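J.: Take a look at the following structure, please.
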Amino acid sequence: MTTNTDSRGFRARARETLLAAVRGLVLALVILPVSVLCFALAAMSVALIPIGIGIVTTPWILGGIRDVADVRRRLAYEWCGVRIRSAYRTLPADANPWARTFGMLRDPQVGRDVLWLFVDMTAGFLTALLPAVLLFYPFEGFAVAAGLWRVVADGETYWYGFVPVDGQATALAAAALGAVVLVGAFRYTPALLTAHFRLTRAVLDPGKGELVERVRVLTETRKDAVDASAAELRRIERDLHDGAQARLVAMGMDLGTIEMLLDKDPEKARQLLAQTRQASVEALGELRDLVRGIHPPVLAERGLGDAVRALALRLPVPTEVTVELPGRADAPVESAAYFAVSEVLTNAVKHSGADRIWVDLHHVPDGGGMLRISVTDHGRGGAVVGAGSGLAGVERRLGTFDGVLAVSSPAGGPTMVTMEIPCALS
């Protein structure tokens, strides 16, 4: 039993060593051309900014470099369990090329990406290649012992490492050195690949810079939250003043008139009383709509899923709602999610021209939990998160809770709006 266990452990270790060497070799073969090309394109594009060409090309090139860095982050975690964080600044979707270019150039994370390219094509290339060299180099020593030196040296001394091979005895010494290197490769090759990704992390990871960026984002979202609350209060005041309050004032005046007409013209008093009763019903309806706009009762009583279903039933477009929520989020998160969905659905009904809408709500428990909502329609497409649009307001509302908004809406449709809010369910 012990022998079988040891054998399985040896095979697993051998497989891990071979896999690390192959992965390192693949990385090394890809790193040099890709890093050199990206670094050269970035330098050339920035140099062309004064004549205007770089204003157009720089965002595309820096975005491509970000994609390359994101791939390396993913490989670092999948292959060696090394987590590399990022802290890119968010740019407005409607930013013009000038603002986008200089916004990206001022982003510290973009600066780290460009610096990483230089490190990656030098020290990164060597650390990626080393695992493969360490594993495959010993086989040259074995080939030398088998007679390779006679074919290659052509009467001259053949050097294998620090061993000068000029006879069979020294050829066997080369094989012995190869065996020692192979033992070292068996032991250290996976660690060397991990060292490569740790070097990558040392350059790409924001470290304390992430905290600075986090404070900046929180400051912006707090300002957005305060502005949104102030706008909401103004809306409530306006609706009360123009709606229910005006009706109540009119009802008071009508009741005064009715008092005067009760003895003089009872029939006219009855007509005014019926009108006043109808006005009270309308005022009550307006107050209920106002309360529903502040916090729908169904949301408080039955949760986000049923609240969205009730919202979908009131839409003029058939809407299918799928809910997979094993619990409830905190009330502020549910409220933000509800009104975000309401705004997105309103946009879809007004502008998409679709004859059907799909809403999906589910919770992803990984990484502390994520509420994910998608709204899809097959309308005309073309939705953008621009200044003054409803989607921009949704993005600000979600940002208060560290949420994000993603929009995929090519011309001709379909449109998919995805919203994510970090939260745990109770």
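Each chain in the structure tokens gets a letter, A, B, ..., in the order shown, and its residues are numbered from 1; ligands are numbered from 1 in order too.
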List every residue of region 317-363 of chain A that DSSP, applied to the backbone, labels as strand (DSSP E or B), and write the result as JSON, numbers by chain.

T.: {"A": [319, 320, 321, 322, 323, 324, 357, 358, 359, 360, 361, 362, 363]}

J.: With only C-alpha atoms as the counted atoms, please give the residues lying no more than 8 Å from region 351-364 of chain A, apart from itself and same-chain residues fewer than 6 positions off, as a PyMOL selection string.

T.: chain A and resi 305+317-326+370-381

J.: May I have the residues within 10 Å of Leu177 (chain A) as a list in words, using only C-alpha atoms and disregarding those fewer than 6 positions away in the same chain?

T.: Pro138, Gly141, Phe142, Tyr160, Gly161, Phe162, Val163, Ala171 and Val183 of chain A

J.: Output N, CA, C and O atoms for every residue in the selection just made, as a PDB file, in the first residue's frame.

T.:
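After the write, out03.pdb holds the following:
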```pdb
ATOM      1  N   PRO A 138      19.115  18.504 -18.702  1.00  0.00           N
ATOM      2  CA  PRO A 138      19.788  17.250 -18.327  1.00  0.00           C
ATOM      3  C   PRO A 138      19.806  16.203 -19.434  1.00  0.00           C
ATOM      4  O   PRO A 138      20.744  15.390 -19.504  1.00  0.00           O
ATOM      5  N   GLY A 141      22.890  16.146 -21.363  1.00  0.00           N
ATOM      6  CA  GLY A 141      23.979  15.431 -20.688  1.00  0.00           C
ATOM      7  C   GLY A 141      23.893  13.935 -20.918  1.00  0.00           C
ATOM      8  O   GLY A 141      24.922  13.271 -21.141  1.00  0.00           O
ATOM      9  N   PHE A 142      22.711  13.370 -20.888  1.00  0.00           N
ATOM     10  CA  PHE A 142      22.553  11.936 -21.148  1.00  0.00           C
ATOM     11  C   PHE A 142      22.913  11.602 -22.599  1.00  0.00           C
ATOM     12  O   PHE A 142      23.519  10.556 -22.886  1.00  0.00           O
ATOM     13  N   TYR A 160      29.744  20.732 -21.649  1.00  0.00           N
ATOM     14  CA  TYR A 160      28.399  20.568 -21.097  1.00  0.00           C
ATOM     15  C   TYR A 160      28.404  21.202 -19.709  1.00  0.00           C
ATOM     16  O   TYR A 160      28.989  20.664 -18.759  1.00  0.00           O
ATOM     17  N   GLY A 161      27.774  22.365 -19.596  1.00  0.00           N
ATOM     18  CA  GLY A 161      27.884  23.097 -18.343  1.00  0.00           C
ATOM     19  C   GLY A 161      29.325  23.489 -18.116  1.00  0.00           C
ATOM     20  O   GLY A 161      29.975  24.101 -18.964  1.00  0.00           O
ATOM     21  N   PHE A 162      29.866  23.109 -16.964  1.00  0.00           N
ATOM     22  CA  PHE A 162      31.273  23.382 -16.666  1.00  0.00           C
ATOM     23  C   PHE A 162      32.151  22.147 -16.878  1.00  0.00           C
ATOM     24  O   PHE A 162      33.319  22.132 -16.504  1.00  0.00           O
ATOM     25  N   VAL A 163      31.596  21.091 -17.498  1.00  0.00           N
ATOM     26  CA  VAL A 163      32.346  19.851 -17.720  1.00  0.00           C
ATOM     27  C   VAL A 163      32.877  19.845 -19.152  1.00  0.00           C
ATOM     28  O   VAL A 163      32.093  19.830 -20.102  1.00  0.00           O
ATOM     29  N   ALA A 171      32.421  12.254 -20.544  1.00  0.00           N
ATOM     30  CA  ALA A 171      31.043  12.176 -21.020  1.00  0.00           C
ATOM     31  C   ALA A 171      30.138  11.622 -19.930  1.00  0.00           C
ATOM     32  O   ALA A 171      29.007  12.085 -19.731  1.00  0.00           O
ATOM     33  N   VAL A 183      17.431  16.119 -10.880  1.00  0.00           N
ATOM     34  CA  VAL A 183      16.892  16.043  -9.517  1.00  0.00           C
ATOM     35  C   VAL A 183      16.466  17.434  -9.038  1.00  0.00           C
ATOM     36  O   VAL A 183      15.408  17.616  -8.434  1.00  0.00           O
TER      37      VAL A 183
END
```

J.: Got a sec to tell me which of region 247-351 of chain A DSSP assigns to helix (DSSP H, G or I), as a VMD selection string?

T.: chain A and resid 247 to 264 266 to 294 297 to 302 304 to 313 331 to 351

J.: Extract, using only C-alpha atoms, all DNA, RNA and protein residues at most 8 Å from Ala383 (chain A), discarding same-chain residues fewer than 2 positions from it, and format them as a PyMOL selection string.

T.: chain A and resi 381+385+407-410+415

J.: Using only C-alpha atoms, determine which residues lie at most 10 Å from Arg13 (chain A), disregarding the query and same-chain residues fewer than 5 positions distant; provide the list as a compact mmCIF listing (two decimals) with N, CA and C atoms, in the first residue's frame.

T.:
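Done, and the output landed in part-v3.txt:
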```txt
# COMPACT_ATOMS: atom_id res chain seq x y z
N SER A 7 4.27 5.65 -5.34
CA SER A 7 4.31 5.66 -6.81
C SER A 7 3.37 6.71 -7.37
N ARG A 8 2.15 6.79 -6.80
CA ARG A 8 1.21 7.81 -7.26
C ARG A 8 1.74 9.21 -6.98
N LEU A 18 6.68 18.40 -15.26
CA LEU A 18 6.61 18.50 -16.72
C LEU A 18 5.65 19.60 -17.15
N LEU A 19 4.51 19.69 -16.47
CA LEU A 19 3.52 20.70 -16.82
C LEU A 19 4.08 22.11 -16.59
N PHE A 186 13.30 18.37 -10.79
CA PHE A 186 12.16 17.66 -10.21
C PHE A 186 11.67 18.36 -8.94
N ARG A 187 12.61 18.95 -8.23
CA ARG A 187 12.26 19.58 -6.96
C ARG A 187 11.82 21.03 -7.11
N PRO A 190 8.37 23.59 -10.48
CA PRO A 190 7.10 24.29 -10.20
C PRO A 190 7.30 25.59 -9.42
```

J.: From the set A:Val68, A:Leu311, A:Ala340, A:Leu105, which residue has the shortest atom-to-atom contact distance to Gly54 (chain A), counting only C-alpha atoms?

T.: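 For Gly54 (chain A), the nearest of the candidates is A:Leu105.
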